[in-house]
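Beneath this line is the structure, given in structure tokens, with notes to follow.
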Amino acid sequence: MDDLYRENILDHYRHPRNYGEIEQATIVQHEHNPLCGDQLSIYLLVENERIVDVKFKGKGCAISQASASMLSEELAGKSVDEAKAFDKQTILDLLGIPIGPVRLKCALLSLKTLKAGLYGVNLVDDDEDSL
Ligand code: FES
Ligand code: FES
């Protein structure tokens with residue numbers, strides 16, 4: 001079963017969904033993983049409290065980029081409040097494989113970037129527990 005999830009992660013990494021920028025984005029947020037320097041930018045177009053378009057750009061490991069790609073698919077069409085309710089478990093469920101402590105920062109880079117964008121704040125680096 002894990003194999004299917006691994007395949008899916010690699011597929012998202014190789015063919016990221018919603019990759020790019022939104023010129024007229026309502027929210028643009030850039031974050032990085034201080035451990036490795038991997039980067040992620042998320043662009044959200046919000047209309048009437050709903051996310052009508054989402055794109056991301058980044059450079060990094062398979063887990064970080066796949067999680068951003070999967071998250072982008074989940075976000076499309078959601079209300080801002082629904083997006084704010086996304087948490088660590090949302091990401092782990094999307095990835096679907098056990099994520100050890102070393103990879104957790106990779107997995108949660110997308111969520112950290114999303115939350116920082118939605119709340120307009122930068123979360124401190126060791127704040128995964130609050131996600
Ligand atoms: Fe290698 Fe995150 S994937 S440290
Ligand atoms: Fe940098 Fe995974 S190794 S985010």
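Every chain in the structure tokens takes a letter, A first, then B, and so on in the order presented; its residues are numbered from 1, and the ligands are numbered from 1 following the presented order.
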| Site check for ligand 1: residues at most 7 Å away, only C-alpha atoms and all ligand atoms, as number ranges by chain | A: 36, 61-63, 102-103, 105-106
| DSSP helix (DSSP H, G or I) residues within segment 52-84 of chain A, as a PyMOL selection string | chain A and resi 62-75+80-84
Residues from last step as file, N, CA and C atoms, as a short mmCIF file (atom, residue, chain, number, x, y, z; two decimals), in the first residue's frame:
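Writing done, so here's selection-v8.cif:
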data_model
loop_
_atom_site.label_atom_id
_atom_site.label_comp_id
_atom_site.auth_asym_id
_atom_site.auth_seq_id
_atom_site.Cartn_x
_atom_site.Cartn_y
_atom_site.Cartn_z
N ALA A 62 11.54 15.93 -2.67
CA ALA A 62 10.29 15.36 -3.17
C ALA A 62 9.14 15.56 -2.19
N ILE A 63 9.40 15.35 -0.92
CA ILE A 63 8.32 15.45 0.06
C ILE A 63 7.78 16.88 0.15
N SER A 64 8.69 17.85 0.20
CA SER A 64 8.23 19.23 0.36
C SER A 64 7.45 19.69 -0.87
N GLN A 65 7.92 19.33 -2.05
CA GLN A 65 7.26 19.81 -3.27
C GLN A 65 5.99 19.03 -3.55
N ALA A 66 6.00 17.74 -3.26
CA ALA A 66 4.79 16.95 -3.45
C ALA A 66 3.71 17.40 -2.48
N SER A 67 4.09 17.70 -1.27
CA SER A 67 3.08 18.13 -0.30
C SER A 67 2.48 19.46 -0.74
N ALA A 68 3.29 20.35 -1.31
CA ALA A 68 2.76 21.62 -1.81
C ALA A 68 1.80 21.39 -2.98
N SER A 69 2.17 20.48 -3.85
CA SER A 69 1.33 20.18 -5.01
C SER A 69 -0.01 19.59 -4.57
N MET A 70 0.05 18.64 -3.64
CA MET A 70 -1.19 18.03 -3.14
C MET A 70 -2.04 19.05 -2.40
N LEU A 71 -1.38 19.87 -1.60
CA LEU A 71 -2.12 20.88 -0.86
C LEU A 71 -2.80 21.86 -1.81
N SER A 72 -2.13 22.20 -2.89
CA SER A 72 -2.72 23.16 -3.83
C SER A 72 -4.02 22.61 -4.41
N GLU A 73 -4.04 21.30 -4.66
CA GLU A 73 -5.27 20.70 -5.19
C GLU A 73 -6.40 20.75 -4.17
N GLU A 74 -6.03 20.54 -2.92
CA GLU A 74 -7.04 20.57 -1.85
C GLU A 74 -7.60 21.97 -1.64
N LEU A 75 -6.75 22.97 -1.85
CA LEU A 75 -7.14 24.34 -1.52
C LEU A 75 -8.12 24.95 -2.52
N VAL A 80 -11.70 30.52 2.96
CA VAL A 80 -10.52 30.86 3.75
C VAL A 80 -10.57 30.16 5.10
N ASP A 81 -11.76 30.09 5.69
CA ASP A 81 -11.88 29.43 6.99
C ASP A 81 -11.58 27.93 6.89
N GLU A 82 -12.04 27.31 5.82
CA GLU A 82 -11.72 25.88 5.64
C GLU A 82 -10.21 25.69 5.49
N ALA A 83 -9.58 26.60 4.76
CA ALA A 83 -8.13 26.50 4.57
C ALA A 83 -7.40 26.69 5.90
N LYS A 84 -7.93 27.59 6.72
CA LYS A 84 -7.29 27.82 8.02
C LYS A 84 -7.37 26.60 8.91
#
| request: Check the smallest atom-to-atom distance from each of A:Gly96, A:Pro16, A:Gly120, A:Gly37 to ligand 2 using only C-alpha atoms and all ligand atoms, then report the winner. | output: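 Checking each of A:Gly96, A:Pro16, A:Gly120, A:Gly37 against ligand 2, counting only C-alpha atoms and all ligand atoms, the winner is A:Gly37.
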| query | Which residues come within 10 Å of segment 1-6 of chain A, counting only C-alpha atoms, excluding same-chain residues fewer than 6 positions away, as a PyMOL selection string? | reply | chain A and resi 12+63+94-98
| query | Using only C-alpha atoms, which residue out of A:Glu21, A:Glu47, A:Glu31, A:Asp53 lies closest to Leu108 of chain A? | reply | A:Glu31
| said: Need to verify the contact set: segment 115-119 of chain A, 12 Å, only C-alpha atoms, exclusion of same-chain residues closer than 2 positions in sequence. Can you return it as a VMD selection string? | reply: chain A and resid 25 to 32 40 to 46 49 to 51 71 75 79 to 88 108 to 113 121 to 125 127 to 128 130 to 131
| request: Give the answer as one residue: which of A:Leu114, A:Lys59, A:Val54, A:Ile22 has the shortest atom-to-atom distance to ligand 2, using only C-alpha atoms and all ligand atoms? | output: A:Lys59
| Given the choices A:Ile99, A:Leu35, A:Val52, A:Ala76, which gets closest to ligand 2 if the distance is worked out from only C-alpha atoms and all ligand atoms? | A:Leu35
| said: Here is a test: counting only C-alpha atoms and all ligand atoms, which residue of A:Asn18, A:Gln89, A:Asn8, A:Asn33 is nearest to ligand 2? | reply: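 Going through A:Asn18, A:Gln89, A:Asn8, A:Asn33 one by one, the smallest distance to ligand 2 is for A:Asn33.
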| query | Could you state the separation of atom 2 (Fe, counted along the ligand's line) of ligand 2 and atom CA of Gln39 of chain A in Å, given to one decimal place? | reply | 9.3 Å
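Atom CA of His15 of chain A is found 17.1 Å from atom 2 (Fe, counted along the ligand's line) of ligand 2.
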| A:Gly20, A:Pro34, A:Gly77, A:Gly100 ranked by distance to ligand 2, top pick (using only C-alpha atoms and all ligand atoms) | A:Pro34
| request: Figure out the distance between atom CA of Asp11 of chain A and atom CA of Asp38 of chain A, please, to one decimal in Å. | output: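 Here the two named atoms are 19.1 Å from each other.
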